[in-house]
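Student: Supplied in structure tokens, the structure appears directly below.
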Amino acid sequence: MLDEPRSGRLAAWGNALLAGLVPPDDAAHRIAGEDASHRVAELPGESGPVGLTLALGRLRALGAKGLRVALPVAGHPLGLSGPPEFNAKALDAGEAVLATGVALGLVPEVSAVGPEGDQHVEVVWRCLPVREAPPADVPSLGEAERELAEALREATEVLSRLNVAGAGPAAQAALEAYRARAERGREVLAPGYPPRALRVLELAQRVGALVGIAYAPGGDGKDHGAAVSASEITARAEALRPVERTARRAQVAAYNAYVEELERGGF
């Protein structure tokens, strides 16, 4: 939850490009982030993998109006609309992007290339048919914000009740990562997103940071923070599962806010 999903970058900056709010090269640079390269394969009208700039232009020519995010996990097809073949690939990847206006979706295949110690990451987005239907279980921004406020309280209470001190090096590193992320927060969502989407995304990342701390190795070297027994580990997982689910739903709602606003005629 601490890491910004690649699907989030693709949707946010892809939406900005489709709306004409950022130049193509800027959008491609933002989407790639620290990865060495991003390409799109199996795109209609293209014989082989192409770069992001060409791919986004092709999607626009095919009728794409906007891009949505899906962050599914087993038992929770968050943001997906089918068919089963696409859902299965998205579940394996843990994320996907779905275009609106054209029945296509993108699933990332991530690989590390190069010798050990000097590797770089390459991403190939597989373009596949999707079903044109409402995405599964995505809340509105207002719903997500209300749910997150409660989830933040629950996460804090769970960590306190289960005696997670958060003093280990991994926990501290998670906190520092979150703080650095918050400082860069206004770079996360591209131009065109409403301020409320940024607020929801930042809060979702904060809740996600707390969940990550709960599962990080503690200062004593044990996994799962301060947990010392299987029963405590199970209790922690059960208590935090709905909190993590809420944070994921809110993250998807934030990234999808541009398309939601577009469909309501707000742009």
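So you can find residues: chains in the structure tokens are A, B, ... in the order shown, residues in each start at 1, and ligands are numbered from 1 in order.
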Skip range 91-95 of chain A itself and residues of its chain fewer than 4 positions away, then list as a list in words all residues within 9 Å of it, counting only C-alpha atoms.

Tutor: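 Result of the neighbour search: Pro5, Arg6, Ser7, Gly8, Val69, Ala70, Leu71, Pro72, Val73, Ala74, Pro77, Phe86, Asn87, Val107, Pro108, Glu109 and Val110 of chain A.
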
Student: Hey, could you make a per-residue contact list for range 103-137 of chain A against range 239-258 of chain A with 12 Å as the cut-off, showing the nearest pair of atoms and its distance in Å to one decimal, counting only C-alpha atoms, sorted by chain and number, as CSV?

Tutor:
residue,atom,partner,partner_atom,distance
A:Pro135,CA,A:Asn256,CA,10.2
A:Ala136,CA,A:Arg249,CA,10.0
A:Asp137,CA,A:Arg249,CA,7.5

Student: I need the residue nearest Gly192 in chain A from this list: A:Leu54, A:Leu43, A:Leu262, A:Leu80. Use only C-alpha atoms for the distance.

Tutor: A:Leu262

Student: Determine the nearest neighbour of Val121 in chain A from the options A:Val211, A:Ala12, A:Ala190, A:Ala36, counting only C-alpha atoms.

Tutor: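 Checking each of A:Val211, A:Ala12, A:Ala190, A:Ala36 against Val121 in chain A, counting only C-alpha atoms, the winner is A:Ala36.
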
Student: Report as a list of chain:residue names all protein, DNA and RNA residues lying within 8 Å of Val130 in chain A, evaluated on only C-alpha atoms, omitting residues in the same chain fewer than 6 positions from it.

Tutor: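 Non-adjacent residues within range: A:Ser81, A:Gly82, A:Pro83, A:Phe86, A:Leu98, A:Ala103, A:Leu104, A:Gly105.
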
Student: What residues in range 30-153 of chain A get the DSSP label alpha helix (DSSP H)? Please answer as a PyMOL selection string.

Tutor: chain A and resi 30-32+52-62+84-93+141-153

Student: Output N, CA, C and O atoms for every residue in the selection just made, as a compact mmCIF listing (two decimals), in the first residue's frame.

Tutor:
# COMPACT_ATOMS: atom_id res chain seq x y z
N ARG A 30 6.14 10.61 -16.64
CA ARG A 30 5.50 10.46 -15.34
C ARG A 30 5.01 9.03 -15.13
O ARG A 30 5.10 8.48 -14.03
N ILE A 31 4.46 8.43 -16.17
CA ILE A 31 3.95 7.07 -16.06
C ILE A 31 5.08 6.09 -15.80
O ILE A 31 4.97 5.20 -14.95
N ALA A 32 6.18 6.23 -16.50
CA ALA A 32 7.31 5.30 -16.34
C ALA A 32 7.94 5.41 -14.96
O ALA A 32 8.41 4.41 -14.40
N LEU A 52 4.60 4.30 -24.84
CA LEU A 52 3.41 4.85 -24.19
C LEU A 52 2.77 5.98 -25.00
O LEU A 52 1.54 6.06 -25.10
N THR A 53 3.59 6.84 -25.57
CA THR A 53 3.03 7.98 -26.30
C THR A 53 2.19 7.51 -27.48
O THR A 53 1.05 7.97 -27.67
N LEU A 54 2.72 6.58 -28.25
CA LEU A 54 1.97 6.05 -29.39
C LEU A 54 0.75 5.27 -28.91
O LEU A 54 -0.33 5.36 -29.50
N ALA A 55 0.91 4.49 -27.83
CA ALA A 55 -0.18 3.67 -27.33
C ALA A 55 -1.36 4.53 -26.86
O ALA A 55 -2.52 4.23 -27.17
N LEU A 56 -1.07 5.59 -26.11
CA LEU A 56 -2.14 6.45 -25.63
C LEU A 56 -2.83 7.18 -26.79
O LEU A 56 -4.04 7.37 -26.79
N GLY A 57 -2.03 7.56 -27.79
CA GLY A 57 -2.63 8.17 -28.98
C GLY A 57 -3.52 7.20 -29.72
O GLY A 57 -4.59 7.57 -30.21
N ARG A 58 -3.08 5.93 -29.79
CA ARG A 58 -3.89 4.92 -30.46
C ARG A 58 -5.19 4.67 -29.70
O ARG A 58 -6.27 4.55 -30.29
N LEU A 59 -5.12 4.62 -28.37
CA LEU A 59 -6.33 4.42 -27.57
C LEU A 59 -7.31 5.57 -27.79
O LEU A 59 -8.53 5.35 -27.90
N ARG A 60 -6.79 6.78 -27.83
CA ARG A 60 -7.66 7.93 -28.08
C ARG A 60 -8.32 7.81 -29.46
O ARG A 60 -9.52 8.08 -29.62
N ALA A 61 -7.56 7.39 -30.47
CA ALA A 61 -8.11 7.23 -31.82
C ALA A 61 -9.17 6.12 -31.86
O ALA A 61 -10.12 6.19 -32.65
N LEU A 62 -9.03 5.13 -30.98
CA LEU A 62 -10.00 4.04 -30.92
C LEU A 62 -11.27 4.43 -30.17
O LEU A 62 -12.24 3.67 -30.15
N PRO A 84 -14.00 -13.01 -17.54
CA PRO A 84 -13.16 -13.77 -16.61
C PRO A 84 -11.69 -13.83 -17.01
O PRO A 84 -10.81 -13.81 -16.14
N GLU A 85 -11.41 -13.90 -18.32
CA GLU A 85 -10.02 -14.00 -18.75
C GLU A 85 -9.23 -12.75 -18.36
O GLU A 85 -8.08 -12.85 -17.87
N PHE A 86 -9.82 -11.60 -18.57
CA PHE A 86 -9.14 -10.36 -18.19
C PHE A 86 -9.03 -10.26 -16.67
O PHE A 86 -7.98 -9.89 -16.13
N ASN A 87 -10.11 -10.60 -15.97
CA ASN A 87 -10.08 -10.54 -14.51
C ASN A 87 -8.98 -11.41 -13.93
O ASN A 87 -8.31 -11.03 -12.97
N ALA A 88 -8.79 -12.60 -14.51
CA ALA A 88 -7.77 -13.52 -14.00
C ALA A 88 -6.37 -12.93 -14.15
O ALA A 88 -5.54 -13.01 -13.24
N LYS A 89 -6.10 -12.33 -15.30
CA LYS A 89 -4.78 -11.73 -15.52
C LYS A 89 -4.58 -10.52 -14.61
O LYS A 89 -3.48 -10.30 -14.08
N ALA A 90 -5.63 -9.73 -14.42
CA ALA A 90 -5.53 -8.57 -13.54
C ALA A 90 -5.30 -9.01 -12.10
O ALA A 90 -4.53 -8.37 -11.36
N LEU A 91 -5.96 -10.08 -11.69
CA LEU A 91 -5.77 -10.60 -10.33
C LEU A 91 -4.35 -11.08 -10.13
O LEU A 91 -3.74 -10.84 -9.08
N ASP A 92 -3.80 -11.75 -11.13
CA ASP A 92 -2.40 -12.21 -11.03
C ASP A 92 -1.45 -11.03 -10.88
O ASP A 92 -0.48 -11.09 -10.11
N ALA A 93 -1.72 -9.95 -11.60
CA ALA A 93 -0.86 -8.77 -11.54
C ALA A 93 -1.14 -7.91 -10.32
O ALA A 93 -0.29 -7.13 -9.89
N LEU A 141 -16.07 9.30 -4.16
CA LEU A 141 -15.06 9.96 -3.34
C LEU A 141 -15.60 10.28 -1.95
O LEU A 141 -14.89 10.12 -0.95
N GLY A 142 -16.85 10.72 -1.88
CA GLY A 142 -17.44 11.03 -0.59
C GLY A 142 -17.53 9.81 0.30
O GLY A 142 -17.18 9.87 1.50
N GLU A 143 -17.98 8.70 -0.25
CA GLU A 143 -18.05 7.45 0.52
C GLU A 143 -16.66 7.02 0.97
O GLU A 143 -16.47 6.61 2.13
N ALA A 144 -15.70 7.09 0.06
CA ALA A 144 -14.34 6.68 0.39
C ALA A 144 -13.76 7.52 1.52
O ALA A 144 -13.10 7.00 2.44
N GLU A 145 -14.01 8.82 1.50
CA GLU A 145 -13.46 9.69 2.53
C GLU A 145 -14.06 9.37 3.89
O GLU A 145 -13.35 9.32 4.90
N ARG A 146 -15.35 9.13 3.93
CA ARG A 146 -16.00 8.77 5.21
C ARG A 146 -15.49 7.43 5.72
O ARG A 146 -15.21 7.28 6.92
N GLU A 147 -15.36 6.45 4.83
CA GLU A 147 -14.89 5.13 5.24
C GLU A 147 -13.44 5.20 5.73
O GLU A 147 -13.07 4.50 6.68
N LEU A 148 -12.62 6.02 5.09
CA LEU A 148 -11.21 6.12 5.49
C LEU A 148 -11.05 6.71 6.88
O LEU A 148 -10.17 6.30 7.63
N ALA A 149 -11.88 7.70 7.22
CA ALA A 149 -11.77 8.30 8.55
C ALA A 149 -11.99 7.24 9.62
O ALA A 149 -11.27 7.19 10.63
N GLU A 150 -12.98 6.37 9.41
CA GLU A 150 -13.23 5.29 10.36
C GLU A 150 -12.11 4.26 10.32
O GLU A 150 -11.68 3.74 11.35
N ALA A 151 -11.62 3.95 9.11
CA ALA A 151 -10.55 2.96 8.98
C ALA A 151 -9.28 3.42 9.68
O ALA A 151 -8.55 2.61 10.28
N LEU A 152 -8.99 4.71 9.64
CA LEU A 152 -7.80 5.24 10.31
C LEU A 152 -7.91 5.04 11.81
O LEU A 152 -6.95 4.65 12.48
N ARG A 153 -9.09 5.30 12.35
CA ARG A 153 -9.29 5.06 13.78
C ARG A 153 -9.14 3.58 14.11
O ARG A 153 -8.50 3.22 15.11

Student: Work out how far CA of His76 in chain A is from CA of Glu263 in chain A, in Å to one decimal.

Tutor: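 Separation of CA of Glu263 in chain A and CA of His76 in chain A: 24.6 Å.
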
Student: Which distance in Å separates CA of Ala204 in chain A and CA of Leu78 in chain A, to one decimal?

Tutor: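 Between CA of Ala204 in chain A and CA of Leu78 in chain A the gap works out to 15.1 Å.
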
Student: Can you list, as an mmCIF file with N, CA and C atoms, in the first residue's frame, every protein, DNA or RNA residue that comes within 8 Å of Val124 in chain A when you count only C-alpha atoms, leaving out same-chain residues fewer than 2 positions away?

Tutor:
data_model
loop_
_atom_site.group_PDB
_atom_site.id
_atom_site.type_symbol
_atom_site.label_atom_id
_atom_site.label_comp_id
_atom_site.auth_asym_id
_atom_site.auth_seq_id
_atom_site.Cartn_x
_atom_site.Cartn_y
_atom_site.Cartn_z
ATOM 1 N N HIS A 38 8.406 1.405 -20.484
ATOM 2 C CA HIS A 38 7.030 0.908 -20.530
ATOM 3 C C HIS A 38 6.633 0.781 -21.988
ATOM 4 N N ARG A 39 6.081 -0.361 -22.342
ATOM 5 C CA ARG A 39 5.569 -0.571 -23.693
ATOM 6 C C ARG A 39 4.176 -1.191 -23.601
ATOM 7 N N VAL A 40 3.420 -1.079 -24.675
ATOM 8 C CA VAL A 40 2.079 -1.653 -24.724
ATOM 9 C C VAL A 40 2.032 -2.654 -25.870
ATOM 10 N N ALA A 41 1.626 -3.882 -25.556
ATOM 11 C CA ALA A 41 1.582 -4.958 -26.541
ATOM 12 C C ALA A 41 0.137 -5.351 -26.842
ATOM 13 N N PRO A 49 4.786 -4.459 -29.863
ATOM 14 C CA PRO A 49 4.770 -3.526 -28.726
ATOM 15 C C PRO A 49 5.172 -2.118 -29.155
ATOM 16 N N PRO A 108 -0.285 -5.035 -16.495
ATOM 17 C CA PRO A 108 1.173 -4.948 -16.576
ATOM 18 C C PRO A 108 1.870 -6.278 -16.333
ATOM 19 N N GLU A 109 2.908 -6.509 -17.120
ATOM 20 C CA GLU A 109 3.850 -7.600 -16.874
ATOM 21 C C GLU A 109 5.187 -6.951 -16.551
ATOM 22 N N VAL A 110 5.668 -7.168 -15.333
ATOM 23 C CA VAL A 110 6.861 -6.483 -14.834
ATOM 24 C C VAL A 110 8.021 -7.472 -14.763
ATOM 25 N N GLU A 122 11.560 -3.375 -16.534
ATOM 26 C CA GLU A 122 10.844 -3.135 -17.777
ATOM 27 C C GLU A 122 9.396 -3.597 -17.607
ATOM 28 N N ARG A 126 -0.196 -5.533 -21.373
ATOM 29 C CA ARG A 126 -0.936 -6.349 -22.331
ATOM 30 C C ARG A 126 -2.329 -5.756 -22.520
#

Student: Please indicate the distance in Å from CA of Thr156 in chain A to CA of Leu210 in chain A, rounded to one decimal place.

Tutor: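 Here the two named atoms are 7.6 Å from each other.
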
Student: Considering only C-alpha atoms, can you say which of A:Ala237, A:Val113, A:Ala197, A:Leu106 comes closest to Glu260 in chain A?

Tutor: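 Using only C-alpha atoms, the shortest distance to Glu260 in chain A belongs to A:Ala197.
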
Student: Counting only C-alpha atoms, what is within 7 Å of Leu17 in chain A, bar same-chain residues fewer than 6 positions away, as a list in words?

Tutor: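 My reading of the contact set: Pro23, Pro24 and Ala27 of chain A.
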
Student: Kindly save the residues from that selection, with N, CA, C and O atoms included, as a PDB file, in the first residue's frame.

Tutor:
ATOM      1  N   PRO A  23       1.740  17.517 -22.134  1.00  0.00           N
ATOM      2  CA  PRO A  23       2.330  17.037 -23.385  1.00  0.00           C
ATOM      3  C   PRO A  23       2.564  15.524 -23.328  1.00  0.00           C
ATOM      4  O   PRO A  23       2.767  14.959 -22.246  1.00  0.00           O
ATOM      5  N   PRO A  24       2.537  14.853 -24.469  1.00  0.00           N
ATOM      6  CA  PRO A  24       2.727  13.400 -24.494  1.00  0.00           C
ATOM      7  C   PRO A  24       4.012  12.928 -23.825  1.00  0.00           C
ATOM      8  O   PRO A  24       4.000  11.941 -23.084  1.00  0.00           O
ATOM      9  N   ALA A  27       3.724  13.081 -20.035  1.00  0.00           N
ATOM     10  CA  ALA A  27       2.868  12.020 -19.523  1.00  0.00           C
ATOM     11  C   ALA A  27       3.617  10.688 -19.508  1.00  0.00           C
ATOM     12  O   ALA A  27       3.575   9.948 -18.510  1.00  0.00           O
TER      13      ALA A  27
END
